[in-house]
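Trainee: I'd like to ask you about the structure that follows.
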Amino acid sequence: MSRDKLKDPQVDELFRAILTLENQDECYRFFEDLCTTAEIKAMAQRLAVARLLRQGVTYTAIAAATGASTATISRVKRFLNYGADGYNLILDRLEGDKPVG
């Protein structure tokens, strides 16, 4: 989905709301009210799949580690390689937060 299709005042407001969250506890509280458990877990699974794809892990190993279907893995790989670069942006930042050693 292109940003042009996604852009809308309600989506802008949602993203502004997310940007006000200050810590993990606030994220849990907001997303628990906003999304179903399944929706949150699906998003978390996609991020885990993206991380493993970047590490060169095979589809079979990713499916075993995350429970993701090969269709989900393929979709994440397509967005990881040809999407808006959001996965790479976030994964680069998360990797920068890792303690050294």
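Naming works like this for the structure tokens: A, B, ... for the chains as they're shown, residue 1 at the start of each chain, ligands 1 onward in shown order.
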I'd like the neighbourhood of Thr66 (chain A) as a list in words, where a residue qualifies if any of its atoms comes within 8 Å (using only C-alpha atoms), though same-chain residues fewer than 5 positions away should be ignored.

Mentor: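 Contacts, in chain order: Gln45, Ala48 and Val49 of chain A.
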
Trainee: Skipping near chain neighbours, those fewer than 5 positions away, what residues fall within 12 Å of Leu91 (chain A) using only C-alpha atoms, listed as an MDAnalysis selection string?

Mentor: chainID A and resid 46:55 80 85:86 96:98

Trainee: To one decimal place in Å, what is the distance between CA of Gln10 (chain A) and CA of Thr72 (chain A)?

Mentor: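 Going from CA of Gln10 (chain A) over to CA of Thr72 (chain A), I get 27.0 Å.
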
Trainee: Please return as a VMD selection string: the residues of region 39-101 of chain A that backbone DSSP assigns to helix (DSSP H, G or I).

Mentor: chain A and resid 39 to 54 59 to 66 70 to 82 86 to 96

Trainee: Which residues, written as a PyMOL selection string, have at least one atom at most 9 Å from Tyr59 (chain A), with only C-alpha atoms counted and residues fewer than 4 positions away on the same chain left out?

Mentor: chain A and resi 53+63-64+69-70+73-74
